[in-house]
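Let me begin by presenting the structure, written as structure tokens, before commenting on it.
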Amino acid sequence: MDNISSPKKVKEIMDKYGFKFSKSLGQNFLIDQNILRKIVEIAEITKEDCVIEVGPGIGNLTRYIAEAAKSVVAIEIDKALVPVLKETLREYSNIEIINEDILKIDLHKLIEEKFRNRTVKVVANLPYYATTPIIMKFLEEKIPVESLTLMVQKEVAQRMQAKPGTKDYGSLSIAVQYYSNPNILLRVPPTVFIPRPNVESAVVKLEVLKEPGVHVQREDLFFALIKDAFGKRRKTILNALNTGDLKLDRDLLKRVLDKSGIKENRRGETLTIEEYAFLANNLAEIHNNL
Ligand code: SAM
């Protein structure tokens with residue numbers, strides 16, 4: 001495999017196709033072969049694996065994935081990159097490029113059509129502007145995904161992995177940990193990208209759980225409670241939930257918190273996922289017209 005990820009080669013390719021980086025599409029391409037190799041190692045891809053890559057760019061990571069995997073479907077929003085990818089990936093028969101917005105794609109249909117509903121692994125150096133919606137789409141749509149190995153902004157990776165009582169713990173931590181087991185496995189400096197981002201990055205691997213980590217009767221209520229609890233971080237859980245979007249009655253809340261064994265003067269950021277699940281389940285039981 002010849003190297004297309006050196007800064008010189010990337011510039012050559014860009015000049016040949018008259019390509020210009022789009023900041024708004026989060027185009028920061030990786031130019032370090034060691035990092036590319038490590039991402040694929042972390043993803044633990046084998047010749048049995050079907051892989052979805054989000055945002056192949058000029059195909060530098062795609063090639064490493066394709067060497068290790070059975071087949072790869074790479075979804076790239078930028079039309080200008082399609083002819084580039086046709087050239088850089090021409091020697092691989094196990095890669096298909098789809099020119100679409102990952103946020104608009106029907107993932108159930110894609111997995112059915114391209115992989116006959118087999119479980120997939122997701123690998124991506126994500127565009128930073130859309131990290132959270134892309135991750136939540138893969139987790140929430142209940143598609144057969146085994147793991148997501150993702151390059152993201154370091155702070156976002158820390159939020160995904162954060163535990164209760166820490167400053168990074170928030171609704172993203174709970175949403176990600178409800179569906180998966182996240183682990184930061186590599187820190188990545190800005191110097192390995194072209195152009196260099198202003199932030200540090202990290203590779204985080206989300207091992208998707210077969211069933212959510214806690215039993216929740218009404219997911220809509222569980223997530224609405226979490227949104228309200230973290231919307232007003234400085235308030236007690238009682239005040240945050242009383243004045244949030246759900247507008248829960250104070251006396252009702254006192255009863256539900258008491259039944260759940262949660263002191264009303266605690267702050268939302270100290271509650272575990274299990275406590276939020278317990279709270280949501282008790283609330284659903286007491287107040288079934290919510
Ligand atoms: N994989 C390449 C690499 O590692 O060097 C490029 C990664 S770059 C950080 C993000 C890529 O995602 C860009 O190629 C960008 O055009 C693409 N992208 C941005 N938004 C997208 C979206 N909504 N759907 C699909 N691809 C997207």
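Each chain of the structure tokens is named A, B, ... in the order shown, its residues numbered from 1; ligands are numbered from 1 in display order.
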All residues within 6 Å of ligand 1 are required, counting only C-alpha atoms and all ligand atoms; please report them as a PyMOL selection string.
chain A and resi 25-30+54-57+60-61+75-78+101-103+125-127
Long-range neighbours of segment 232-244 of chain A as a PyMOL selection string, 8 Å cut-off, only C-alpha atoms, 2 positions minimum in chain
chain A and resi 225+228-230+246-250+253-254+264-269
Quick one: residues within 10 Å of Ala124 of chain A, only C-alpha atoms, excluding same-chain residues fewer than 5 positions away - as a PDB file with all heavy atoms, in the first residue's frame?
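Writing the result to around.pdb gives the following:
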ATOM      1  N   ILE A  39      -5.743   3.217  14.958  1.00  0.00           N
ATOM      2  CA  ILE A  39      -7.214   3.294  14.991  1.00  0.00           C
ATOM      3  C   ILE A  39      -7.795   1.940  14.570  1.00  0.00           C
ATOM      4  O   ILE A  39      -8.712   1.408  15.200  1.00  0.00           O
ATOM      5  CB  ILE A  39      -7.731   4.425  14.068  1.00  0.00           C
ATOM      6  CG1 ILE A  39      -7.271   5.789  14.606  1.00  0.00           C
ATOM      7  CG2 ILE A  39      -9.255   4.379  13.930  1.00  0.00           C
ATOM      8  CD1 ILE A  39      -7.592   6.965  13.690  1.00  0.00           C
ATOM      9  N   VAL A  40      -7.209   1.366  13.510  1.00  0.00           N
ATOM     10  CA  VAL A  40      -7.715   0.083  13.011  1.00  0.00           C
ATOM     11  C   VAL A  40      -7.427  -1.035  14.022  1.00  0.00           C
ATOM     12  O   VAL A  40      -8.265  -1.923  14.238  1.00  0.00           O
ATOM     13  CB  VAL A  40      -7.130  -0.201  11.600  1.00  0.00           C
ATOM     14  CG1 VAL A  40      -7.517  -1.585  11.124  1.00  0.00           C
ATOM     15  CG2 VAL A  40      -7.621   0.856  10.622  1.00  0.00           C
ATOM     16  N   ILE A  52     -18.639   0.255   8.670  1.00  0.00           N
ATOM     17  CA  ILE A  52     -19.135   1.525   8.129  1.00  0.00           C
ATOM     18  C   ILE A  52     -18.138   2.594   8.548  1.00  0.00           C
ATOM     19  O   ILE A  52     -17.805   2.707   9.744  1.00  0.00           O
ATOM     20  CB  ILE A  52     -20.536   1.878   8.680  1.00  0.00           C
ATOM     21  CG1 ILE A  52     -21.572   0.841   8.227  1.00  0.00           C
ATOM     22  CG2 ILE A  52     -20.954   3.285   8.230  1.00  0.00           C
ATOM     23  CD1 ILE A  52     -22.989   1.099   8.739  1.00  0.00           C
ATOM     24  N   GLU A  53     -17.653   3.354   7.555  1.00  0.00           N
ATOM     25  CA  GLU A  53     -16.808   4.500   7.897  1.00  0.00           C
ATOM     26  C   GLU A  53     -17.587   5.776   7.596  1.00  0.00           C
ATOM     27  O   GLU A  53     -18.193   5.901   6.520  1.00  0.00           O
ATOM     28  CB  GLU A  53     -15.498   4.505   7.098  1.00  0.00           C
ATOM     29  CG  GLU A  53     -14.591   5.610   7.605  1.00  0.00           C
ATOM     30  CD  GLU A  53     -13.409   6.006   6.716  1.00  0.00           C
ATOM     31  OE1 GLU A  53     -13.280   5.478   5.595  1.00  0.00           O
ATOM     32  OE2 GLU A  53     -12.641   6.879   7.144  1.00  0.00           O
ATOM     33  N   VAL A  54     -17.551   6.714   8.520  1.00  0.00           N
ATOM     34  CA  VAL A  54     -18.192   8.013   8.297  1.00  0.00           C
ATOM     35  C   VAL A  54     -17.108   8.996   7.872  1.00  0.00           C
ATOM     36  O   VAL A  54     -16.102   9.140   8.564  1.00  0.00           O
ATOM     37  CB  VAL A  54     -18.875   8.535   9.586  1.00  0.00           C
ATOM     38  CG1 VAL A  54     -19.552   9.872   9.318  1.00  0.00           C
ATOM     39  CG2 VAL A  54     -19.844   7.518  10.140  1.00  0.00           C
ATOM     40  N   GLY A  55     -17.306   9.653   6.737  1.00  0.00           N
ATOM     41  CA  GLY A  55     -16.367  10.697   6.308  1.00  0.00           C
ATOM     42  C   GLY A  55     -15.000  10.185   5.914  1.00  0.00           C
ATOM     43  O   GLY A  55     -14.016  10.445   6.613  1.00  0.00           O
ATOM     44  N   PRO A  56     -14.882   9.459   4.798  1.00  0.00           N
ATOM     45  CA  PRO A  56     -13.567   8.930   4.394  1.00  0.00           C
ATOM     46  C   PRO A  56     -12.566   9.995   3.956  1.00  0.00           C
ATOM     47  O   PRO A  56     -11.367   9.717   3.896  1.00  0.00           O
ATOM     48  CB  PRO A  56     -13.907   7.994   3.233  1.00  0.00           C
ATOM     49  CG  PRO A  56     -15.220   8.479   2.703  1.00  0.00           C
ATOM     50  CD  PRO A  56     -15.954   9.005   3.887  1.00  0.00           C
ATOM     51  N   LEU A  61      -7.756   6.662   5.925  1.00  0.00           N
ATOM     52  CA  LEU A  61      -8.135   5.669   6.938  1.00  0.00           C
ATOM     53  C   LEU A  61      -8.865   4.492   6.277  1.00  0.00           C
ATOM     54  O   LEU A  61      -8.689   3.338   6.659  1.00  0.00           O
ATOM     55  CB  LEU A  61      -9.023   6.353   8.003  1.00  0.00           C
ATOM     56  CG  LEU A  61      -9.570   5.493   9.137  1.00  0.00           C
ATOM     57  CD1 LEU A  61      -8.445   4.827   9.929  1.00  0.00           C
ATOM     58  CD2 LEU A  61     -10.431   6.340  10.100  1.00  0.00           C
ATOM     59  N   THR A  62      -9.655   4.806   5.260  1.00  0.00           N
ATOM     60  CA  THR A  62     -10.447   3.779   4.554  1.00  0.00           C
ATOM     61  C   THR A  62      -9.550   2.640   4.063  1.00  0.00           C
ATOM     62  O   THR A  62      -9.912   1.469   4.142  1.00  0.00           O
ATOM     63  CB  THR A  62     -11.151   4.413   3.330  1.00  0.00           C
ATOM     64  OG1 THR A  62     -11.564   5.729   3.670  1.00  0.00           O
ATOM     65  CG2 THR A  62     -12.342   3.585   2.884  1.00  0.00           C
ATOM     66  N   ALA A  74     -18.274   3.395   2.970  1.00  0.00           N
ATOM     67  CA  ALA A  74     -17.800   4.689   3.467  1.00  0.00           C
ATOM     68  C   ALA A  74     -18.747   5.777   2.980  1.00  0.00           C
ATOM     69  O   ALA A  74     -19.023   5.878   1.788  1.00  0.00           O
ATOM     70  CB  ALA A  74     -16.381   4.939   2.977  1.00  0.00           C
ATOM     71  N   LEU A 148     -18.139   1.202  18.130  1.00  0.00           N
ATOM     72  CA  LEU A 148     -17.807   2.412  17.361  1.00  0.00           C
ATOM     73  C   LEU A 148     -16.423   2.861  17.825  1.00  0.00           C
ATOM     74  O   LEU A 148     -16.227   3.091  19.027  1.00  0.00           O
ATOM     75  CB  LEU A 148     -18.821   3.532  17.621  1.00  0.00           C
ATOM     76  CG  LEU A 148     -20.262   3.285  17.184  1.00  0.00           C
ATOM     77  CD1 LEU A 148     -21.119   2.876  18.372  1.00  0.00           C
ATOM     78  CD2 LEU A 148     -20.854   4.536  16.579  1.00  0.00           C
ATOM     79  N   THR A 149     -15.496   2.952  16.890  1.00  0.00           N
ATOM     80  CA  THR A 149     -14.151   3.439  17.218  1.00  0.00           C
ATOM     81  C   THR A 149     -14.015   4.804  16.566  1.00  0.00           C
ATOM     82  O   THR A 149     -14.033   4.915  15.334  1.00  0.00           O
ATOM     83  CB  THR A 149     -13.074   2.461  16.694  1.00  0.00           C
ATOM     84  OG1 THR A 149     -13.320   1.185  17.284  1.00  0.00           O
ATOM     85  CG2 THR A 149     -11.668   2.940  17.037  1.00  0.00           C
ATOM     86  N   LEU A 150     -13.906   5.842  17.403  1.00  0.00           N
ATOM     87  CA  LEU A 150     -14.091   7.194  16.882  1.00  0.00           C
ATOM     88  C   LEU A 150     -13.014   8.163  17.328  1.00  0.00           C
ATOM     89  O   LEU A 150     -12.655   8.209  18.515  1.00  0.00           O
ATOM     90  CB  LEU A 150     -15.440   7.736  17.390  1.00  0.00           C
ATOM     91  CG  LEU A 150     -16.658   6.849  17.138  1.00  0.00           C
ATOM     92  CD1 LEU A 150     -17.836   7.343  17.949  1.00  0.00           C
ATOM     93  CD2 LEU A 150     -16.988   6.800  15.664  1.00  0.00           C
ATOM     94  N   MET A 151     -12.511   8.927  16.356  1.00  0.00           N
ATOM     95  CA  MET A 151     -11.638  10.053  16.700  1.00  0.00           C
ATOM     96  C   MET A 151     -12.556  11.242  16.933  1.00  0.00           C
ATOM     97  O   MET A 151     -13.350  11.609  16.049  1.00  0.00           O
ATOM     98  CB  MET A 151     -10.716  10.350  15.518  1.00  0.00           C
ATOM     99  CG  MET A 151      -9.884  11.584  15.712  1.00  0.00           C
ATOM    100  SD  MET A 151      -8.367  11.250  16.584  1.00  0.00           S
ATOM    101  CE  MET A 151      -7.431  10.502  15.272  1.00  0.00           C
ATOM    102  N   VAL A 152     -12.460  11.824  18.119  1.00  0.00           N
ATOM    103  CA  VAL A 152     -13.291  12.984  18.459  1.00  0.00           C
ATOM    104  C   VAL A 152     -12.449  13.999  19.221  1.00  0.00           C
ATOM    105  O   VAL A 152     -11.316  13.705  19.620  1.00  0.00           O
ATOM    106  CB  VAL A 152     -14.513  12.579  19.332  1.00  0.00           C
ATOM    107  CG1 VAL A 152     -15.426  11.602  18.624  1.00  0.00           C
ATOM    108  CG2 VAL A 152     -14.070  11.985  20.663  1.00  0.00           C
ATOM    109  N   VAL A 203      -9.034   9.014  20.617  1.00  0.00           N
ATOM    110  CA  VAL A 203      -9.792   7.905  20.018  1.00  0.00           C
ATOM    111  C   VAL A 203     -10.535   7.224  21.159  1.00  0.00           C
ATOM    112  O   VAL A 203      -9.934   6.788  22.139  1.00  0.00           O
ATOM    113  CB  VAL A 203      -8.869   6.903  19.291  1.00  0.00           C
ATOM    114  CG1 VAL A 203      -9.686   5.733  18.753  1.00  0.00           C
ATOM    115  CG2 VAL A 203      -8.115   7.597  18.164  1.00  0.00           C
TER     116      VAL A 203
END
Near Leu107 of chain A, counting only C-alpha atoms, which residues have an atom at most 9 Å away, once you skip same-chain residues fewer than 5 positions from it, shown as an mmCIF file with N, CA and C atoms, in the first residue's frame?
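As written to disk, part-v3.cif reads:
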data_model
loop_
_atom_site.group_PDB
_atom_site.id
_atom_site.type_symbol
_atom_site.label_atom_id
_atom_site.label_comp_id
_atom_site.auth_asym_id
_atom_site.auth_seq_id
_atom_site.Cartn_x
_atom_site.Cartn_y
_atom_site.Cartn_z
ATOM 1 N N ILE A 102 -24.470 11.448 6.434
ATOM 2 C CA ILE A 102 -24.725 10.335 7.363
ATOM 3 C C ILE A 102 -25.956 10.605 8.226
ATOM 4 N N GLU A 112 -29.180 -3.528 5.858
ATOM 5 C CA GLU A 112 -29.895 -4.631 5.217
ATOM 6 C C GLU A 112 -29.380 -4.828 3.786
ATOM 7 N N LYS A 137 -27.079 8.930 16.624
ATOM 8 C CA LYS A 137 -27.826 8.235 15.557
ATOM 9 C C LYS A 137 -27.471 6.735 15.550
ATOM 10 N N PHE A 138 -26.180 6.421 15.626
ATOM 11 C CA PHE A 138 -25.782 5.010 15.623
ATOM 12 C C PHE A 138 -26.275 4.285 16.876
ATOM 13 N N GLU A 141 -30.730 4.272 17.078
ATOM 14 C CA GLU A 141 -31.606 3.702 16.043
ATOM 15 C C GLU A 141 -31.753 2.185 16.113
ATOM 16 N N ILE A 143 -29.793 -0.388 15.638
ATOM 17 C CA ILE A 143 -29.272 -1.141 14.507
ATOM 18 C C ILE A 143 -28.197 -2.101 15.030
#
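Take atom CA of Ile31 of chain A and atom CA of Pro189 of chain A: the distance between them is 11.7 Å.
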Assign secondary structure with DSSP using the backbone only, and return the residues of segment 114-227 of chain A in alpha helix (DSSP H) as JSON, numbers by chain.
{"A": [114, 115, 131, 132, 133, 134, 135, 136, 137, 138, 139, 140, 154, 155, 156, 157, 158, 159, 160, 161, 171, 172, 173, 174, 175, 176, 177, 178, 179, 219, 220, 221, 222, 223, 224, 225, 226, 227]}
Name the residues of segment 31-168 of chain A that come out as strand (DSSP E) in a backbone DSSP run; write them as a list in words.
Cys50, Val51, Ile52, Glu53, Val54, Ser71, Val72, Val73, Ala74, Ile75, Ile95, Glu96, Ile97, Ile98, Val120, Lys121, Val122, Val123, Ala124, Asn125, Val145, Glu146, Ser147, Leu148, Thr149, Leu150, Met151, Val152 and Gln153 of chain A
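Between atom CA of Lys16 of chain A and atom CA of Ile4 of chain A the interatomic distance comes to 13.4 Å.
Closest to Val256 of chain A among A:Gly231, A:Leu271, A:Glu285, A:Leu139 is A:Glu285, based on only C-alpha atoms.
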Tell me which protein, DNA and RNA residues are within 12 Å of Leu172 of chain A, counting only C-alpha atoms, leaving out same-chain ones fewer than 5 positions away, and put them as an MDAnalysis selection string.
chainID A and resid 131:133 135:136 139 155:164 177:180 182 223 226:227 230 269 273
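By chain and then residue number, the residues within 8 Å of Gln217 of chain A are Ala280, Asn281 and Ala284 of chain A, counting only C-alpha atoms and disregarding those fewer than 3 positions away in sequence.
With distances restricted to only C-alpha atoms, A:Ile98 is the closest residue to Val72 of chain A from A:Val192, A:Ile98, A:Ile105, A:Val145.
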